[in-house]
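Read through the structure below, which is laid out as structure tokens, and then see the notes.
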Amino acid sequence: MQEFSSPQSGEFAAFIAIVQAGSFSAAARKLQRHPSIISKRIASLEERLGVRLIERSTRSIKLTDAGERFYERLYTAAQILEEAELEAGHLSKEIVGSLKISLPGALGRLWLSPVIANLLKRILS
């Protein structure tokens, strides 16, 4: 999953990575960041939201109720953004617009008409 482009994008990406990877160190490896940066981003996120999202121990992490709800909403938002990017990229690769060709009529009937007919068949089927 890609990072968001909002000012909190690092916090959101770190939180999602921790939940998916299961630990701060695995999230740091996934995001190619130092574990202390991941920890600081989560601390900043929790402070800004005013709620604890992750219960930490030396051996594991566990989401709080607020953390679970936040993850569900954040993950859904991330999926929507990713789909929007894919859709926008797909649309930019489609051929759109009008094609105007000027040539003698006989040349168009003999050579161009069969090509256009085949192209239309492929597009419409």
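Each chain in the structure tokens gets a letter, A, B, ..., in the order shown, and its residues are numbered from 1; ligands are numbered from 1 in order too.
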Residue contacts of stretch 39-52 of chain A (7 Å, only C-alpha atoms) excluding same-chain residues fewer than 2 positions away, as a list in words
Gly10, Glu11, Ala14, Phe15, Pro35, Ser36, Ile37, Ile54 and Thr64 of chain A
Quick one: write out the picked residues with C-alpha atoms as an mmCIF file, in the first residue's frame?
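Okay, again_36.cif is ready:
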data_model
loop_
_atom_site.group_PDB
_atom_site.id
_atom_site.type_symbol
_atom_site.label_atom_id
_atom_site.label_comp_id
_atom_site.auth_asym_id
_atom_site.auth_seq_id
_atom_site.Cartn_x
_atom_site.Cartn_y
_atom_site.Cartn_z
ATOM 1 C CA GLY A 10 3.542 8.870 7.499
ATOM 2 C CA GLU A 11 1.440 8.266 10.592
ATOM 3 C CA ALA A 14 2.982 3.415 9.847
ATOM 4 C CA PHE A 15 -0.234 2.463 11.631
ATOM 5 C CA PRO A 35 11.829 1.404 14.086
ATOM 6 C CA SER A 36 12.224 4.552 16.174
ATOM 7 C CA ILE A 37 10.649 6.602 13.363
ATOM 8 C CA ILE A 54 -2.034 0.164 20.163
ATOM 9 C CA THR A 64 -7.399 -1.145 21.417
#
Taking 2 positions as the minimum chain separation for residues in the same chain, which residues sit within 12 Å of A:Tyr71 when counting only C-alpha atoms? Answer as a VMD selection string.
chain A and resid 11 to 20 53 to 54 63 to 69 73 to 79
Expected file: the selected residues, N, CA and C atoms, as a PDB file, in the first residue's frame:
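Final output, result.pdb:
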ATOM      1  N   GLU A  11       2.111   8.873   9.434  1.00  0.00           N
ATOM      2  CA  GLU A  11       1.440   8.266  10.592  1.00  0.00           C
ATOM      3  C   GLU A  11       0.469   7.174  10.143  1.00  0.00           C
ATOM      4  N   PHE A  12      -0.327   7.484   9.124  1.00  0.00           N
ATOM      5  CA  PHE A  12      -1.314   6.518   8.635  1.00  0.00           C
ATOM      6  C   PHE A  12      -0.629   5.277   8.068  1.00  0.00           C
ATOM      7  N   ALA A  13       0.400   5.496   7.256  1.00  0.00           N
ATOM      8  CA  ALA A  13       1.124   4.367   6.659  1.00  0.00           C
ATOM      9  C   ALA A  13       1.780   3.515   7.741  1.00  0.00           C
ATOM     10  N   ALA A  14       2.345   4.159   8.754  1.00  0.00           N
ATOM     11  CA  ALA A  14       2.982   3.415   9.847  1.00  0.00           C
ATOM     12  C   ALA A  14       1.955   2.585  10.601  1.00  0.00           C
ATOM     13  N   PHE A  15       0.806   3.179  10.895  1.00  0.00           N
ATOM     14  CA  PHE A  15      -0.234   2.463  11.631  1.00  0.00           C
ATOM     15  C   PHE A  15      -0.726   1.245  10.851  1.00  0.00           C
ATOM     16  N   ILE A  16      -1.025   1.430   9.566  1.00  0.00           N
ATOM     17  CA  ILE A  16      -1.485   0.312   8.742  1.00  0.00           C
ATOM     18  C   ILE A  16      -0.411  -0.767   8.663  1.00  0.00           C
ATOM     19  N   ALA A  17       0.835  -0.370   8.476  1.00  0.00           N
ATOM     20  CA  ALA A  17       1.935  -1.337   8.371  1.00  0.00           C
ATOM     21  C   ALA A  17       2.100  -2.130   9.661  1.00  0.00           C
ATOM     22  N   ILE A  18       1.971  -1.479  10.808  1.00  0.00           N
ATOM     23  CA  ILE A  18       2.098  -2.179  12.097  1.00  0.00           C
ATOM     24  C   ILE A  18       1.004  -3.227  12.237  1.00  0.00           C
ATOM     25  N   VAL A  19      -0.216  -2.826  11.933  1.00  0.00           N
ATOM     26  CA  VAL A  19      -1.335  -3.763  12.058  1.00  0.00           C
ATOM     27  C   VAL A  19      -1.133  -4.951  11.114  1.00  0.00           C
ATOM     28  N   GLN A  20      -0.762  -4.680   9.881  1.00  0.00           N
ATOM     29  CA  GLN A  20      -0.604  -5.751   8.903  1.00  0.00           C
ATOM     30  C   GLN A  20       0.621  -6.616   9.172  1.00  0.00           C
ATOM     31  N   LEU A  53      -4.133   3.798  20.489  1.00  0.00           N
ATOM     32  CA  LEU A  53      -4.564   2.907  19.412  1.00  0.00           C
ATOM     33  C   LEU A  53      -3.974   1.508  19.539  1.00  0.00           C
ATOM     34  N   ILE A  54      -2.759   1.436  20.087  1.00  0.00           N
ATOM     35  CA  ILE A  54      -2.034   0.164  20.163  1.00  0.00           C
ATOM     36  C   ILE A  54      -1.526  -0.042  21.580  1.00  0.00           C
ATOM     37  N   LEU A  63      -4.348  -4.128  19.240  1.00  0.00           N
ATOM     38  CA  LEU A  63      -5.120  -2.921  19.007  1.00  0.00           C
ATOM     39  C   LEU A  63      -6.144  -2.722  20.114  1.00  0.00           C
ATOM     40  N   THR A  64      -6.316  -1.478  20.503  1.00  0.00           N
ATOM     41  CA  THR A  64      -7.399  -1.145  21.417  1.00  0.00           C
ATOM     42  C   THR A  64      -8.692  -1.138  20.596  1.00  0.00           C
ATOM     43  N   ASP A  65      -9.830  -0.979  21.265  1.00  0.00           N
ATOM     44  CA  ASP A  65     -11.098  -0.880  20.532  1.00  0.00           C
ATOM     45  C   ASP A  65     -11.054   0.295  19.557  1.00  0.00           C
ATOM     46  N   ALA A  66     -10.541   1.430  20.025  1.00  0.00           N
ATOM     47  CA  ALA A  66     -10.421   2.604  19.164  1.00  0.00           C
ATOM     48  C   ALA A  66      -9.466   2.315  18.004  1.00  0.00           C
ATOM     49  N   GLY A  67      -8.392   1.586  18.281  1.00  0.00           N
ATOM     50  CA  GLY A  67      -7.430   1.226  17.247  1.00  0.00           C
ATOM     51  C   GLY A  67      -8.046   0.338  16.173  1.00  0.00           C
ATOM     52  N   GLU A  68      -8.873  -0.608  16.595  1.00  0.00           N
ATOM     53  CA  GLU A  68      -9.532  -1.490  15.629  1.00  0.00           C
ATOM     54  C   GLU A  68     -10.476  -0.712  14.730  1.00  0.00           C
ATOM     55  N   ARG A  69     -11.285   0.160  15.325  1.00  0.00           N
ATOM     56  CA  ARG A  69     -12.216   0.968  14.526  1.00  0.00           C
ATOM     57  C   ARG A  69     -11.453   1.907  13.588  1.00  0.00           C
ATOM     58  N   ARG A  73     -11.534   1.913   9.337  1.00  0.00           N
ATOM     59  CA  ARG A  73     -11.871   3.104   8.547  1.00  0.00           C
ATOM     60  C   ARG A  73     -10.689   3.542   7.687  1.00  0.00           C
ATOM     61  N   LEU A  74      -9.506   3.527   8.257  1.00  0.00           N
ATOM     62  CA  LEU A  74      -8.312   3.950   7.539  1.00  0.00           C
ATOM     63  C   LEU A  74      -7.999   3.001   6.390  1.00  0.00           C
ATOM     64  N   TYR A  75      -8.148   1.703   6.628  1.00  0.00           N
ATOM     65  CA  TYR A  75      -7.888   0.714   5.590  1.00  0.00           C
ATOM     66  C   TYR A  75      -8.883   0.875   4.438  1.00  0.00           C
ATOM     67  N   THR A  76     -10.145   1.096   4.772  1.00  0.00           N
ATOM     68  CA  THR A  76     -11.162   1.318   3.740  1.00  0.00           C
ATOM     69  C   THR A  76     -10.826   2.551   2.911  1.00  0.00           C
ATOM     70  N   ALA A  77     -10.430   3.625   3.591  1.00  0.00           N
ATOM     71  CA  ALA A  77     -10.050   4.859   2.887  1.00  0.00           C
ATOM     72  C   ALA A  77      -8.845   4.614   1.981  1.00  0.00           C
ATOM     73  N   ALA A  78      -7.879   3.860   2.455  1.00  0.00           N
ATOM     74  CA  ALA A  78      -6.687   3.564   1.658  1.00  0.00           C
ATOM     75  C   ALA A  78      -7.049   2.763   0.407  1.00  0.00           C
ATOM     76  N   GLN A  79      -7.973   1.819   0.550  1.00  0.00           N
ATOM     77  CA  GLN A  79      -8.412   1.040  -0.603  1.00  0.00           C
ATOM     78  C   GLN A  79      -9.121   1.923  -1.626  1.00  0.00           C
TER      79      GLN A  79
END
As a check of understanding: the span from atom CA of A:Ile80 to atom CA of A:Lys62 is 25.5 Å
Work out how far atom CA of A:Ile38 is from atom CA of A:Arg56, in Å to one decimal.
13.2 Å
Got a sec to tell me which of stretch 46-101 of chain A DSSP assigns to helix (DSSP H, G or I), as a ChimeraX atom specification?
/A:46-49,65-93
Find the residues around A:Lys30 up to 9 Å (only C-alpha atoms counted), leave out those fewer than 4 positions away in its own chain, and share them as a PyMOL selection string.
chain A and resi 17+21+25-26
Write the residues of the preceding selection, restricted to C-alpha atoms, as a short mmCIF file (atom, residue, chain, number, x, y, z; two decimals), in the first residue's frame.
data_model
loop_
_atom_site.label_atom_id
_atom_site.label_comp_id
_atom_site.auth_asym_id
_atom_site.auth_seq_id
_atom_site.Cartn_x
_atom_site.Cartn_y
_atom_site.Cartn_z
CA ALA A 17 1.94 -1.34 8.37
CA ALA A 21 2.95 -6.76 9.85
CA SER A 25 10.10 -3.74 13.66
CA ALA A 26 8.37 -5.64 10.85
#
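For stretch 1-123 of chain A, a DSSP pass over the backbone yields strand (DSSP E) at Ile54, Glu55, Arg56, Ile61, Lys62 and Leu63 of chain A.
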